[in-house]
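Structure record follows, encoded as C-alpha cells.
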Amino acid sequence: MGEVTVAPISLWASDLVYTARMIITCKRSLRPHIFSALVVLVAIGAGLVRAPGATAQTPTPAPDPSDIADGMRLYQQKGDCQACHGWAGDGRKMDSQMPDGSNLRETRLDRARLIMTIKCGRPGTGMPAFDKFAYTDGRCYGMKQADLKSPMPDPPATLQPREIERVADFLFQKVVGKGPMDRAKCIEYWGSEVEACREFK
C-alpha cells in the first residue's frame with residue numbers, strides 16, 4: 001500500500017481560493033451543489049473527514065513496558081525463539097539441534113513484515129509458522145497447505161495475534177537495529193548485569 005502524503009496548508013488554501021472563485025462565476029443553479037462540495041473540501045483539509053482509502057498519519061505509540069516484558073517472555077519461553085535466533089536475537093542459537101536462525105539484530109524487516117514472518121514462518125526454511133491457522137485459508141502469502149513444496153516445521157507452541165504483536169514490539173524495542181551485543185546493551189536488555197553479560201567487555 002502506498003504512502004499517503006498530506007499537501008501543505010498553502011496548497012489547500014490556494015485550492016480553496018480557486019474553488020471560491022469558481023462558485024462566484026458559476027450559474028446560480030449550481031451554487032448549492034458547489035457549496036456542498038466546498039464544505040466537504042474544507043472538512044477534508046481540516047482533517048475532519050478522510051477521503052476514501054486514505055489512512056491516518058498518526059505515529060505509533062511506544063509500547064507499554066509490561067508488553068515489552070511479556071514479549072520477551074514469549075520470545076524466550078513459549079515461542080522458544082532463542083533456540084534458533086539466540087537469546088540476544090543475534091543468530092547464535094541456544095540449541096545445536098535446531099536450525100540456524102537469522103540475525104534479528106541486523107534484519108531489514110519492518111514491523112508488518114516481521115509480524116507476517118512470525119505468523120506465517122518462511123516456507124522452505126526452518127522458520128515455523130506460529131499462527132495456528134497458517135496455510136489453512138490463504139492468510140499466509142495467499143497460500144494453503146497444498147501450495148507448500150515441503151511441510152512447515154511445527155512451532156514449540158502457537159501464538160495468539162496479540163502475542164505475536166508483543167514479540168514484535170519486544171524485538172523492535174530491544175533487538176532490531178541495535179547492532180552487535182555488548183556489555184552495556186546486555187545490561188539494558190536484561191535490566192541488570194546477569195551472568196550472560198560477563199562474556200562482553
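Every chain in the C-alpha cells has a letter given in the order shown (A, B, ...), and although residue numbers restart at 1 in each chain, ligands are simply numbered from 1 in the order shown.
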
request  = Excluding segment 186-198 of chain A and any residue of its chain fewer than 6 positions from it, enumerate the residues within 10 Å of it, using only C-alpha atoms, and give them as number ranges by chain.
outcome  = A: 69, 72, 87-88, 173-175

Export of prior selection with C-alpha atoms as a PDB file, in the first residue's frame:
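Generated output (selection_30.pdb):
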ATOM      1  CA  ALA A  69       8.417  -7.760  29.184  1.00  0.00           C
ATOM      2  CA  MET A  72      10.478 -11.040  25.917  1.00  0.00           C
ATOM      3  CA  TRP A  87      18.790 -15.048  23.473  1.00  0.00           C
ATOM      4  CA  ALA A  88      20.139 -11.775  22.031  1.00  0.00           C
ATOM      5  CA  GLN A 173      12.488  -2.290  21.397  1.00  0.00           C
ATOM      6  CA  LYS A 174      15.435  -4.490  22.384  1.00  0.00           C
ATOM      7  CA  VAL A 175      16.866  -6.256  19.315  1.00  0.00           C
TER       8      VAL A 175
END

task = Identify all residues of segment 133-189 of chain A in helix (DSSP H, G or I) (DSSP on the backbone) and supply them as a list in words.
result =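 Taking segment 133-189 of chain A and keeping helix (DSSP H, G or I) only, one gets Gln145, Ala146, Asp147, Pro161, Arg162, Glu163, Ile164, Glu165, Arg166, Val167, Ala168, Asp169, Phe170, Leu171, Phe172, Gln173, Lys174, Arg183, Ala184, Lys185, Cys186, Ile187, Glu188 and Tyr189 of chain A.
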
request  = Give me, please, the distance in Å between atom CA of Lys132 of chain A and atom CA of Met152 of chain A, quoted to one decimal.
outcome  = 12.2 Å

inquiry  = Residues near Asp110 of chain A, anyone? I mean within 12 Å using only C-alpha atoms, not counting same-chain ones fewer than 3 positions away, as a list in words.
reply    =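 Near Asp110 of chain A, the qualifying residues are Leu104, Glu106, Thr107, Arg113, Leu114, Ile115, Met116, Thr117, Ala168, Asp169, Leu171, Phe172, Val176 and Gly177 of chain A.
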
key: Best match for closeness to Ser96 of chain A among A:Leu148, A:Ala83, A:Asp154, A:Gly121, counting only C-alpha atoms   =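 Ranked by minimum distance to Ser96 of chain A, first place goes to A:Ala83.
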
Using only C-alpha atoms: which of A:Thr158, A:Arg105, A:Lys93, A:Pro99 has the shortest distance to Lys185 of chain A =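 Residue with the minimum atom-to-atom distance to Lys185 of chain A: A:Arg105.
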
inquiry  = Considering only C-alpha atoms, can you say which of A:Arg111, A:Cys84, A:Lys178, A:Gly91 comes closest to Arg166 of chain A?
reply    = A:Arg111

ask   = In Å, with one decimal, what is the gap from atom CA of Gly89 of chain A to atom CA of Ile164 of chain A?
value =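 Rounded to one decimal, the two atoms are 15.7 Å apart.
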
task = Would you work out the distance separating atom CA of Ser102 of chain A from atom CA of His85 of chain A, expressed in Å to one decimal?
result =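 Value for the atom CA of Ser102 of chain A-atom CA of His85 of chain A distance: 6.1 Å.
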
request  = Would you mind telling me which residue in A:Arg183, A:Lys144, A:Lys149, A:Lys119 lies nearest to Arg162 of chain A when using only C-alpha atoms?
outcome  = A:Lys119

message = From the options A:Asp137, A:Phe130, A:Arg122, A:Ser66, which residue's atoms come nearest to Pro151 of chain A, counting only C-alpha atoms?
response =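 Closest to Pro151 of chain A, using only C-alpha atoms: A:Arg122.
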
key: Counting only C-alpha atoms, the residue of A:Pro123, A:Glu165, A:Gln160, A:Asp90 that sits nearest Pro180 of chain A   =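 Among the listed residues, A:Asp90 lies closest to Pro180 of chain A.
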